[in-house]
>>> print(open('target-v5.tsv').read())   # TSV, C-alpha atoms
chain	number	residue	atom	x	y	z
A	1	MET	CA	-7.56	-196.94	228.27
A	2	LEU	CA	-8.44	-197.66	231.90
A	3	SER	CA	-4.79	-197.16	232.90
A	4	ALA	CA	-4.86	-193.75	231.19
A	5	TYR	CA	-7.84	-192.64	233.26
A	6	LEU	CA	-6.22	-193.97	236.44
A	7	GLU	CA	-3.18	-191.89	235.57
A	8	VAL	CA	-5.44	-188.83	235.29
A	9	ILE	CA	-6.68	-189.50	238.83
A	10	ARG	CA	-3.11	-189.91	240.09
A	11	MET	CA	-1.86	-186.73	238.42
A	12	ARG	CA	-4.69	-184.64	239.86
A	13	PHE	CA	-4.02	-186.13	243.31
A	14	LEU	CA	-0.34	-185.19	243.07
A	15	MET	CA	-1.21	-181.72	241.85
A	16	MET	CA	-3.49	-181.17	244.85
A	17	LEU	CA	-0.76	-182.54	247.11
A	18	ALA	CA	1.50	-179.66	246.04
A	19	TYR	CA	-1.00	-177.23	247.60
A	20	ARG	CA	-1.88	-179.26	250.68
A	21	VAL	CA	-1.16	-176.36	253.09
A	22	ASN	CA	-4.28	-174.65	251.74
A	23	TYR	CA	-6.34	-177.65	252.80
A	24	TYR	CA	-4.84	-177.78	256.27
A	25	SER	CA	-5.99	-174.20	256.77
A	26	GLY	CA	-9.31	-175.20	255.20
A	27	ILE	CA	-9.86	-177.69	258.04
A	28	LEU	CA	-9.80	-174.79	260.49
A	29	ILE	CA	-12.20	-172.76	258.34
A	30	TYR	CA	-14.65	-175.67	258.08
A	31	ALA	CA	-14.34	-176.25	261.83
A	32	LEU	CA	-15.32	-172.63	262.45
A	33	ASN	CA	-18.30	-173.00	260.10
A	34	ILE	CA	-19.46	-176.18	261.81
A	35	GLY	CA	-18.95	-174.66	265.27
A	36	SER	CA	-20.98	-171.59	264.30
A	37	TYR	CA	-23.87	-173.73	263.03
A	38	TYR	CA	-23.72	-175.85	266.19
A	39	PHE	CA	-24.23	-172.87	268.49
A	40	VAL	CA	-26.93	-171.42	266.22
A	41	TYR	CA	-28.91	-174.65	266.24
A	42	LYS	CA	-28.32	-175.09	269.97
A	43	ALA	CA	-29.99	-171.71	270.50
A	44	ILE	CA	-32.81	-172.62	268.10
A	45	TYR	CA	-33.52	-175.89	269.88
A	46	GLY	CA	-33.53	-174.29	273.32
A	47	GLY	CA	-35.38	-176.78	275.50
A	48	GLN	CA	-36.98	-178.64	272.59
A	49	GLU	CA	-36.00	-182.26	272.24
A	50	MET	CA	-36.61	-182.59	268.49
A	51	ILE	CA	-37.11	-180.31	265.50
A	52	GLY	CA	-37.68	-181.48	261.94
A	53	GLY	CA	-37.27	-185.09	263.02
A	54	LEU	CA	-33.76	-184.49	264.39
A	55	THR	CA	-32.54	-184.26	267.97
A	56	LEU	CA	-29.85	-181.72	268.82
A	57	GLY	CA	-27.28	-184.54	268.87
A	58	GLN	CA	-28.39	-185.71	265.44
A	59	MET	CA	-28.38	-182.14	264.15
A	60	THR	CA	-24.82	-181.63	265.40
A	61	THR	CA	-23.75	-184.80	263.60
A	62	TYR	CA	-25.74	-183.79	260.50
A	63	VAL	CA	-24.00	-180.40	260.29
A	64	ALA	CA	-20.54	-181.90	260.79
A	65	ILE	CA	-20.95	-184.79	258.34
A	66	SER	CA	-22.60	-182.53	255.74
A	67	TRP	CA	-19.78	-180.00	255.70
A	68	MET	CA	-17.07	-182.64	255.78
A	69	GLY	CA	-18.86	-184.53	253.02
A	70	ARG	CA	-18.85	-181.31	251.00
A	71	ALA	CA	-15.07	-181.24	251.34
A	72	PHE	CA	-15.01	-184.53	249.40
A	73	TYR	CA	-17.52	-183.86	246.63
A	74	PHE	CA	-16.71	-180.18	246.05
A	75	ASN	CA	-14.70	-179.22	242.96
A	76	ASN	CA	-14.30	-176.34	240.51
A	77	LEU	CA	-14.69	-178.33	237.29
A	78	ASP	CA	-17.35	-175.92	236.02
A	79	ARG	CA	-14.88	-173.03	236.20
A	80	GLU	CA	-12.05	-175.12	234.71
A	81	ILE	CA	-14.21	-176.13	231.74
A	82	ALA	CA	-15.45	-172.57	231.21
A	83	ASN	CA	-11.87	-171.22	231.24
A	84	GLU	CA	-10.71	-173.88	228.75
A	85	ILE	CA	-13.61	-172.99	226.46
A	86	ARG	CA	-12.91	-169.27	226.65
A	87	ASP	CA	-9.18	-169.55	225.92
A	88	GLY	CA	-9.71	-172.19	223.23
A	89	SER	CA	-7.54	-174.87	224.85
A	90	VAL	CA	-10.56	-177.20	224.83
A	91	ALA	CA	-10.10	-177.51	221.05
A	92	ILE	CA	-7.13	-179.85	221.44
A	93	GLN	CA	-9.37	-182.20	223.45
A	94	PHE	CA	-11.40	-182.97	220.33
A	95	ILE	CA	-8.49	-184.77	218.66
A	96	ARG	CA	-7.21	-186.68	221.67
A	97	PRO	CA	-8.10	-190.38	222.03
A	98	TYR	CA	-10.23	-190.02	225.13
A	99	ASN	CA	-13.55	-188.56	226.23
A	100	TYR	CA	-13.08	-185.00	227.53
A	101	VAL	CA	-16.07	-185.14	229.87
A	102	PHE	CA	-14.98	-188.46	231.39
A	103	VAL	CA	-11.45	-187.13	231.89
A	104	LYS	CA	-12.90	-184.18	233.79
A	105	MET	CA	-14.81	-186.55	236.04
A	106	MET	CA	-11.60	-188.50	236.71
A	107	GLN	CA	-9.78	-185.27	237.54
A	108	GLY	CA	-12.58	-184.44	239.97
A	109	LEU	CA	-12.26	-187.92	241.49
A	110	GLY	CA	-8.52	-187.45	241.97
A	111	GLU	CA	-9.21	-184.20	243.78
A	112	GLY	CA	-11.96	-185.87	245.80
A	113	VAL	CA	-9.68	-188.70	246.93
A	114	PHE	CA	-7.12	-186.14	248.03
A	115	ARG	CA	-9.74	-184.19	249.96
A	116	LEU	CA	-11.10	-187.38	251.56
A	117	LEU	CA	-7.69	-188.46	252.84
A	118	LEU	CA	-6.14	-185.11	253.79
A	119	PHE	CA	-9.16	-182.92	254.50
A	120	THR	CA	-12.35	-184.81	255.34
A	121	THR	CA	-10.83	-187.56	257.53
A	122	PRO	CA	-8.52	-185.39	259.69
A	123	GLY	CA	-11.15	-182.65	259.74
A	124	MET	CA	-13.80	-185.03	261.05
A	125	ILE	CA	-11.48	-186.26	263.79
A	126	PHE	CA	-10.73	-182.66	264.75
A	127	ILE	CA	-14.44	-181.76	264.92
A	128	TRP	CA	-15.21	-184.95	266.88
A	129	LEU	CA	-12.79	-183.80	269.59
A	130	LEU	CA	-14.60	-180.46	269.88
A	131	LEU	CA	-18.30	-181.24	269.45
A	132	PRO	CA	-20.70	-183.99	270.69
A	133	ILE	CA	-20.93	-185.92	267.43
A	134	GLU	CA	-22.80	-189.24	267.43
A	135	PHE	CA	-21.14	-191.75	265.10
A	136	PRO	CA	-23.16	-194.83	264.07
A	137	SER	CA	-21.96	-198.11	265.56
A	138	ASP	CA	-23.17	-200.30	262.67
A	139	PRO	CA	-20.30	-200.86	260.17
A	140	ASN	CA	-22.86	-201.55	257.42
A	141	LEU	CA	-24.24	-198.04	257.87
A	142	TRP	CA	-20.75	-196.62	257.36
A	143	LEU	CA	-20.42	-198.65	254.15
A	144	ILE	CA	-23.78	-197.45	252.83
A	145	TYR	CA	-22.89	-193.86	253.73
A	146	PHE	CA	-19.64	-193.99	251.75
A	147	VAL	CA	-21.47	-195.46	248.75
A	148	MET	CA	-24.01	-192.62	248.97
A	149	LEU	CA	-21.22	-190.08	249.41
A	150	PHE	CA	-19.64	-191.36	246.20
A	151	PHE	CA	-22.91	-190.78	244.38
A	152	SER	CA	-22.97	-187.30	245.93
A	153	PHE	CA	-19.65	-186.68	244.22
A	154	LEU	CA	-20.92	-188.05	240.90
A	155	ILE	CA	-24.11	-185.96	240.90
A	156	ASN	CA	-22.38	-182.77	242.01
A	157	THR	CA	-19.68	-183.30	239.37
A	158	GLN	CA	-22.31	-183.87	236.70
A	159	LEU	CA	-23.98	-180.57	237.61
A	160	ASN	CA	-20.59	-178.84	237.48
A	161	ILE	CA	-19.78	-180.28	234.06
A	162	ILE	CA	-23.21	-179.34	232.70
A	163	THR	CA	-22.79	-175.79	234.03
A	164	GLY	CA	-19.29	-175.55	232.59
A	165	LEU	CA	-20.36	-176.77	229.15
A	166	PHE	CA	-22.92	-173.96	228.96
A	167	ALA	CA	-19.94	-171.67	228.31
A	168	PHE	CA	-20.12	-172.95	224.72
A	169	PHE	CA	-23.53	-171.31	224.36
A	170	LEU	CA	-23.45	-168.36	226.79
A	171	GLU	CA	-19.83	-167.23	226.14
A	172	ASN	CA	-19.74	-166.00	229.77
A	173	ASN	CA	-21.48	-168.29	232.23
A	174	GLU	CA	-20.11	-166.73	235.42
A	175	GLY	CA	-23.59	-165.84	236.64
A	176	LEU	CA	-24.85	-169.36	235.98
A	177	MET	CA	-21.94	-170.87	237.91
A	178	ARG	CA	-22.60	-168.63	240.92
A	179	MET	CA	-26.32	-169.41	240.83
A	180	LYS	CA	-25.57	-173.13	240.64
A	181	ARG	CA	-23.23	-172.98	243.64
A	182	VAL	CA	-25.78	-171.13	245.78
A	183	ALA	CA	-28.53	-173.55	244.68
A	184	VAL	CA	-26.43	-176.61	245.56
A	185	ASP	CA	-25.46	-175.29	249.01
A	186	LEU	CA	-29.00	-174.17	249.88
A	187	PHE	CA	-31.25	-176.74	248.24
A	188	SER	CA	-29.03	-179.78	248.94
A	189	GLY	CA	-29.60	-179.42	252.66
A	190	LEU	CA	-26.08	-178.25	253.49
A	191	ILE	CA	-27.18	-174.97	255.10
A	192	ILE	CA	-30.66	-176.07	256.21
A	193	PRO	CA	-31.82	-179.71	256.31
A	194	ILE	CA	-34.57	-180.46	253.79
A	195	SER	CA	-36.84	-181.58	256.66
A	196	PHE	CA	-36.75	-178.00	258.02
A	197	PHE	CA	-38.31	-176.53	254.87
A	198	PRO	CA	-42.09	-175.81	254.76
A	199	GLY	CA	-44.24	-178.62	253.38
A	200	TRP	CA	-44.75	-177.23	249.87
A	201	SER	CA	-41.10	-176.31	249.34
A	202	LYS	CA	-39.95	-179.63	250.75
A	203	SER	CA	-42.13	-181.39	248.18
A	204	VAL	CA	-40.59	-179.31	245.38
A	205	LEU	CA	-37.03	-180.03	246.54
A	206	GLU	CA	-37.72	-183.75	246.60
A	207	TRP	CA	-38.20	-183.58	242.81
A	208	LEU	CA	-34.81	-181.91	242.29
A	209	PRO	CA	-31.36	-183.57	242.25
A	210	PHE	CA	-29.88	-181.33	244.96
A	211	GLN	CA	-31.10	-183.37	247.95
A	212	ALA	CA	-29.17	-186.36	246.59
A	213	ILE	CA	-25.91	-184.46	247.13
A	214	THR	CA	-26.02	-183.67	250.85
A	215	TYR	CA	-29.31	-184.37	252.60
A	216	LEU	CA	-29.85	-188.03	251.75
A	217	PRO	CA	-26.40	-189.39	252.76
A	218	SER	CA	-26.26	-187.17	255.86
A	219	ALA	CA	-29.79	-188.14	256.93
A	220	VAL	CA	-28.84	-191.82	256.60
A	221	PHE	CA	-25.65	-191.28	258.63
A	222	THR	CA	-27.53	-189.57	261.48
A	223	GLY	CA	-30.35	-192.12	261.57
A	224	LYS	CA	-33.00	-189.73	260.27
A	225	ILE	CA	-33.51	-192.19	257.41
A	226	SER	CA	-33.38	-195.87	258.38
A	227	GLY	CA	-34.53	-199.34	257.41
A	228	SER	CA	-35.71	-200.00	253.86
A	229	ALA	CA	-35.90	-196.24	253.25
A	230	ILE	CA	-32.09	-196.21	253.07
A	231	PHE	CA	-32.07	-198.27	249.88
A	232	GLN	CA	-34.98	-196.29	248.45
A	233	ASN	CA	-32.98	-193.09	248.86
A	234	LEU	CA	-29.86	-194.74	247.46
A	235	GLY	CA	-32.06	-195.59	244.49
A	236	VAL	CA	-32.97	-191.89	244.19
A	237	GLN	CA	-29.27	-191.07	243.91
A	238	VAL	CA	-28.70	-193.75	241.27
A	239	LEU	CA	-31.72	-192.48	239.33
A	240	TRP	CA	-30.45	-188.88	239.30
A	241	PHE	CA	-27.00	-190.04	238.25
A	242	VAL	CA	-28.50	-191.85	235.24
A	243	LEU	CA	-30.84	-188.96	234.36
A	244	LEU	CA	-28.08	-186.35	234.47
A	245	LEU	CA	-26.03	-188.37	232.00
A	246	ILE	CA	-28.55	-187.39	229.33
A	247	PRO	CA	-28.19	-183.56	229.39
A	248	MET	CA	-24.44	-183.93	229.93
A	249	ALA	CA	-24.07	-186.10	226.80
A	250	VAL	CA	-26.39	-183.89	224.73
A	251	LEU	CA	-24.54	-180.71	225.73
A	252	TRP	CA	-21.18	-182.24	224.87
A	253	ILE	CA	-22.39	-183.39	221.44
A	254	LYS	CA	-23.95	-179.99	220.69
A	255	SER	CA	-20.88	-178.21	222.05
A	256	LYS	CA	-18.64	-179.66	219.33
A	257	THR	CA	-20.45	-177.51	216.77
A	258	ARG	CA	-20.25	-174.33	218.88
A	259	LEU	CA	-16.51	-173.91	219.49
A	260	PHE	CA	-14.99	-170.49	218.85
A	261	VAL	CA	-12.10	-168.80	220.61
A	262	GLN	CA	-12.47	-165.50	222.43
A	263	GLY	CA	-9.41	-163.28	222.30
A	264	GLY	CA	-6.15	-163.97	220.47
>>> encode(input="target-v5.tsv", output="structure tokens")
Amino acid sequence: MLSAYLEVIRMRFLMMLAYRVNYYSGILIYALNIGSYYFVYKAIYGGQEMIGGLTLGQMTTYVAISWMGRAFYFNNLDREIANEIRDGSVAIQFIRPYNYVFVKMMQGLGEGVFRLLLFTTPGMIFIWLLLPIEFPSDPNLWLIYFVMLFFSFLINTQLNIITGLFAFFLENNEGLMRMKRVAVDLFSGLIIPISFFPGWSKSVLEWLPFQAITYLPSAVFTGKISGSAIFQNLGVQVLWFVLLLIPMAVLWIKSKTRLFVQGG
């Protein structure tokens, strides 16, 4: 069974490889995004040495690593699942000898590995040549960051699968998918670091899973979070991963009684 799931990862990787030109152009688009944020924050900082617990150098690194991390964990599994539910092709998944939800996660992982190798890594090198990014010198910090980035992928993928499965109940969950995408980008700290939010809103966001996607790994990478707090925040990611398994499993079980095909 494990070999079957590994084959799913390989097939998705090869499928993404067929459209690799799109990701080469995506590197340029992400570079423009990161460059725009850099000059915006440079103007915001002005002569100030630190804002929200981050120096300008740390903020530059935070922006770059956050966007390039997004290139790894981002996927469209919610839309894929919703389309398969609407056209009825999900029905065949009920009789196949594997777990549909787990297969979707493996497909997302295959896409993520492709993005990591052919998008995130060359993109980060490209941005490093253009902007004053401060990479950590401790190899252990790099290891911890990649572990946290993997949990970012897992949590984001769980949210995507949960959103996609709602198509069983809403028939058209396009609005929910758009709302989820905006919420992830904004409340995860991708657009604005969580430490920049006002006190009350920061407290609210700390009780939501979104910060575990972008802010926590990026804050660790830049040195905003250090020492024993690193493992505490890794624990937050693990906790959200476990908690999100519950609604994902419940939705999938309930979904099996809700299948109907729209159209002909």
>>> closest_atom_pairs(input="target-v5.tsv", of="region 98-117 of chain A", to="region 147-164 of chain A", cutoff="10 Å", atoms="all atoms listed in the file", output="JSON lines")
{"residue": "A:Val101", "atom": "CA", "partner": "A:Ile161", "partner_atom": "CA", "distance": 7.4}
{"residue": "A:Phe102", "atom": "CA", "partner": "A:Ile161", "partner_atom": "CA", "distance": 9.9}
{"residue": "A:Lys104", "atom": "CA", "partner": "A:Ile161", "partner_atom": "CA", "distance": 7.9}
{"residue": "A:Met105", "atom": "CA", "partner": "A:Thr157", "partner_atom": "CA", "distance": 6.7}
{"residue": "A:Met106", "atom": "CA", "partner": "A:Thr157", "partner_atom": "CA", "distance": 10.0}
{"residue": "A:Gly108", "atom": "CA", "partner": "A:Thr157", "partner_atom": "CA", "distance": 7.2}
{"residue": "A:Leu109", "atom": "CA", "partner": "A:Phe153", "partner_atom": "CA", "distance": 8.0}
{"residue": "A:Gly112", "atom": "CA", "partner": "A:Phe153", "partner_atom": "CA", "distance": 7.9}
>>> residues_around(input="target-v5.tsv", residues="Ile27 (chain A)", least_positions_apart="2", cutoff="10 Å", atoms="only C-alpha atoms", output="MDAnalysis selection string")
chainID A and resid 22:25 29:33 68 71 118:124 126:127
>>> write_last_selection(input="target-v5.tsv", atoms="C-alpha atoms", output="mmCIF file, in the frame of the given file")
data_model
loop_
_atom_site.group_PDB
_atom_site.id
_atom_site.type_symbol
_atom_site.label_atom_id
_atom_site.label_comp_id
_atom_site.auth_asym_id
_atom_site.auth_seq_id
_atom_site.Cartn_x
_atom_site.Cartn_y
_atom_site.Cartn_z
ATOM 1 C CA ASN A 22 -4.280 -174.650 251.740
ATOM 2 C CA TYR A 23 -6.340 -177.650 252.800
ATOM 3 C CA TYR A 24 -4.840 -177.780 256.270
ATOM 4 C CA SER A 25 -5.990 -174.200 256.770
ATOM 5 C CA ILE A 29 -12.200 -172.760 258.340
ATOM 6 C CA TYR A 30 -14.650 -175.670 258.080
ATOM 7 C CA ALA A 31 -14.340 -176.250 261.830
ATOM 8 C CA LEU A 32 -15.320 -172.630 262.450
ATOM 9 C CA ASN A 33 -18.300 -173.000 260.100
ATOM 10 C CA MET A 68 -17.070 -182.640 255.780
ATOM 11 C CA ALA A 71 -15.070 -181.240 251.340
ATOM 12 C CA LEU A 118 -6.140 -185.110 253.790
ATOM 13 C CA PHE A 119 -9.160 -182.920 254.500
ATOM 14 C CA THR A 120 -12.350 -184.810 255.340
ATOM 15 C CA THR A 121 -10.830 -187.560 257.530
ATOM 16 C CA PRO A 122 -8.520 -185.390 259.690
ATOM 17 C CA GLY A 123 -11.150 -182.650 259.740
ATOM 18 C CA MET A 124 -13.800 -185.030 261.050
ATOM 19 C CA PHE A 126 -10.730 -182.660 264.750
ATOM 20 C CA ILE A 127 -14.440 -181.760 264.920
#
>>> atom_distance(input="target-v5.tsv", atom1="CA of Leu117 (chain A)", atom2="CA of Ile133 (chain A)")
19.9 Å
>>> residues_around(input="target-v5.tsv", residues="Gln232 (chain A)", least_positions_apart="5", cutoff="12 Å", atoms="only C-alpha atoms", output="PyMOL selection string")
chain A and resi 148+212+216-217+220+225-227+237-239
>>> atom_distance(input="target-v5.tsv", atom1="CA of Asn173 (chain A)", atom2="CA of Ala82 (chain A)")
7.5 Å
>>> atom_distance(input="target-v5.tsv", atom1="CA of Ile125 (chain A)", atom2="CA of Gln48 (chain A)")
28.0 Å
>>> residues_around(input="target-v5.tsv", residues="Met59 (chain A)", least_positions_apart="6", cutoff="9 Å", atoms="all atoms listed in the file", output="PyMOL selection string")
chain A and resi 38+41+133+193+222
>>> closest_residue(input="target-v5.tsv", among="A:Ile65, A:Arg12, A:Met179, A:Lys224", to="Trp128 (chain A)", atoms="all atoms listed in the file")
A:Ile65
>>> closest_residue(input="target-v5.tsv", among="A:Phe169, A:Phe146, A:Tyr100, A:Phe72", to="Val113 (chain A)", atoms="all atoms listed in the file")
A:Phe72
>>> closest_residue(input="target-v5.tsv", among="A:Val103, A:Met50, A:Val21, A:Gln58", to="Ala4 (chain A)", atoms="only C-alpha atoms")
A:Val103
>>> closest_residue(input="target-v5.tsv", among="A:Gln93, A:Leu2, A:Phe114, A:Leu244", to="Leu17 (chain A)", atoms="only C-alpha atoms")
A:Phe114
>>> residues_around(input="target-v5.tsv", residues="region 134-141 of chain A", least_positions_apart="5", cutoff="7 Å", atoms="only C-alpha atoms", output="list in words")
Gly57, Gln58, Thr61 and Phe221 of chain A
>>> closest_residue(input="target-v5.tsv", among="A:Leu205, A:Leu130, A:Arg178, A:Tyr19", to="Asn76 (chain A)", atoms="only C-alpha atoms")
A:Arg178
>>> residues_around(input="target-v5.tsv", residues="Val90 (chain A)", least_positions_apart="3", cutoff="12 Å", atoms="only C-alpha atoms", output="list of chain:residue names")
A:Glu80, A:Ile81, A:Ala82, A:Asn83, A:Glu84, A:Ile85, A:Arg86, A:Asp87, A:Gln93, A:Phe94, A:Ile95, A:Arg96, A:Asn99, A:Tyr100, A:Val101, A:Lys104, A:Gly164, A:Leu165, A:Ala167, A:Phe168, A:Trp252, A:Ser255, A:Lys256, A:Arg258, A:Leu259, A:Phe260, A:Val261
>>> decode(input="target-v5.tsv", residues="region 123-151 of chain A", atoms="N, CA and C atoms", output="mmCIF file, in the first residue's frame")
data_model
loop_
_atom_site.group_PDB
_atom_site.id
_atom_site.type_symbol
_atom_site.label_atom_id
_atom_site.label_comp_id
_atom_site.auth_asym_id
_atom_site.auth_seq_id
_atom_site.Cartn_x
_atom_site.Cartn_y
_atom_site.Cartn_z
ATOM 1 N N GLY A 123 14.134 29.991 -6.881
ATOM 2 C CA GLY A 123 13.558 31.304 -6.613
ATOM 3 C C GLY A 123 14.247 31.998 -5.462
ATOM 4 N N MET A 124 14.573 31.244 -4.409
ATOM 5 C CA MET A 124 15.243 31.824 -3.258
ATOM 6 C C MET A 124 16.648 32.288 -3.608
ATOM 7 N N ILE A 125 17.332 31.515 -4.438
ATOM 8 C CA ILE A 125 18.677 31.914 -4.884
ATOM 9 C C ILE A 125 18.596 33.204 -5.702
ATOM 10 N N PHE A 126 17.588 33.278 -6.559
ATOM 11 C CA PHE A 126 17.395 34.463 -7.398
ATOM 12 C C PHE A 126 17.128 35.702 -6.541
ATOM 13 N N ILE A 127 16.256 35.559 -5.532
ATOM 14 C CA ILE A 127 15.936 36.682 -4.650
ATOM 15 C C ILE A 127 17.143 37.073 -3.807
ATOM 16 N N TRP A 128 17.927 36.084 -3.374
ATOM 17 C CA TRP A 128 19.120 36.354 -2.565
ATOM 18 C C TRP A 128 20.123 37.221 -3.328
ATOM 19 N N LEU A 129 20.187 37.052 -4.644
ATOM 20 C CA LEU A 129 21.103 37.850 -5.456
ATOM 21 C C LEU A 129 20.632 39.301 -5.609
ATOM 22 N N LEU A 130 19.342 39.533 -5.358
ATOM 23 C CA LEU A 130 18.768 40.862 -5.571
ATOM 24 C C LEU A 130 18.565 41.654 -4.282
ATOM 25 N N LEU A 131 18.255 40.953 -3.181
ATOM 26 C CA LEU A 131 17.891 41.642 -1.949
ATOM 27 C C LEU A 131 18.806 41.218 -0.802
ATOM 28 N N PRO A 132 18.943 42.084 0.224
ATOM 29 C CA PRO A 132 19.823 41.775 1.382
ATOM 30 C C PRO A 132 19.170 40.804 2.347
ATOM 31 N N ILE A 133 19.145 39.536 1.979
ATOM 32 C CA ILE A 133 18.526 38.507 2.812
ATOM 33 C C ILE A 133 19.560 37.941 3.779
ATOM 34 N N GLU A 134 19.151 37.742 5.028
ATOM 35 C CA GLU A 134 20.038 37.239 6.073
ATOM 36 C C GLU A 134 19.717 35.774 6.365
ATOM 37 N N PHE A 135 20.515 34.876 5.829
ATOM 38 C CA PHE A 135 20.309 33.451 6.073
ATOM 39 C C PHE A 135 20.923 33.059 7.409
ATOM 40 N N PRO A 136 20.273 32.177 8.166
ATOM 41 C CA PRO A 136 20.862 31.707 9.439
ATOM 42 C C PRO A 136 22.090 30.846 9.181
ATOM 43 N N SER A 137 23.069 30.941 10.063
ATOM 44 C CA SER A 137 24.315 30.178 9.906
ATOM 45 C C SER A 137 24.260 28.826 10.619
ATOM 46 N N ASP A 138 23.287 28.639 11.511
ATOM 47 C CA ASP A 138 23.175 27.400 12.277
ATOM 48 C C ASP A 138 22.449 26.344 11.438
ATOM 49 N N PRO A 139 23.120 25.242 11.089
ATOM 50 C CA PRO A 139 22.463 24.191 10.282
ATOM 51 C C PRO A 139 21.265 23.564 10.985
ATOM 52 N N ASN A 140 21.281 23.554 12.330
ATOM 53 C CA ASN A 140 20.139 23.004 13.071
ATOM 54 C C ASN A 140 18.886 23.839 12.856
ATOM 55 N N LEU A 141 19.078 25.142 12.720
ATOM 56 C CA LEU A 141 17.940 26.037 12.482
ATOM 57 C C LEU A 141 17.330 25.775 11.117
ATOM 58 N N TRP A 142 18.163 25.484 10.136
ATOM 59 C CA TRP A 142 17.669 25.116 8.806
ATOM 60 C C TRP A 142 16.842 23.828 8.893
ATOM 61 N N LEU A 143 17.333 22.850 9.653
ATOM 62 C CA LEU A 143 16.622 21.584 9.796
ATOM 63 C C LEU A 143 15.254 21.801 10.448
ATOM 64 N N ILE A 144 15.236 22.583 11.524
ATOM 65 C CA ILE A 144 13.976 22.857 12.220
ATOM 66 C C ILE A 144 13.015 23.598 11.294
ATOM 67 N N TYR A 145 13.555 24.538 10.521
ATOM 68 C CA TYR A 145 12.696 25.296 9.597
ATOM 69 C C TYR A 145 12.034 24.366 8.588
ATOM 70 N N PHE A 146 12.787 23.437 8.013
ATOM 71 C CA PHE A 146 12.211 22.538 7.009
ATOM 72 C C PHE A 146 11.174 21.598 7.626
ATOM 73 N N VAL A 147 11.397 21.199 8.878
ATOM 74 C CA VAL A 147 10.385 20.395 9.575
ATOM 75 C C VAL A 147 9.110 21.209 9.745
ATOM 76 N N MET A 148 9.256 22.481 10.156
ATOM 77 C CA MET A 148 8.099 23.351 10.348
ATOM 78 C C MET A 148 7.420 23.662 9.014
ATOM 79 N N LEU A 149 8.220 23.785 7.960
ATOM 80 C CA LEU A 149 7.650 24.041 6.639
ATOM 81 C C LEU A 149 6.826 22.845 6.173
ATOM 82 N N PHE A 150 7.263 21.641 6.519
ATOM 83 C CA PHE A 150 6.494 20.450 6.173
ATOM 84 C C PHE A 150 5.146 20.449 6.890
ATOM 85 N N PHE A 151 5.148 20.868 8.149
ATOM 86 C CA PHE A 151 3.879 20.968 8.870
ATOM 87 C C PHE A 151 3.008 22.092 8.292
#
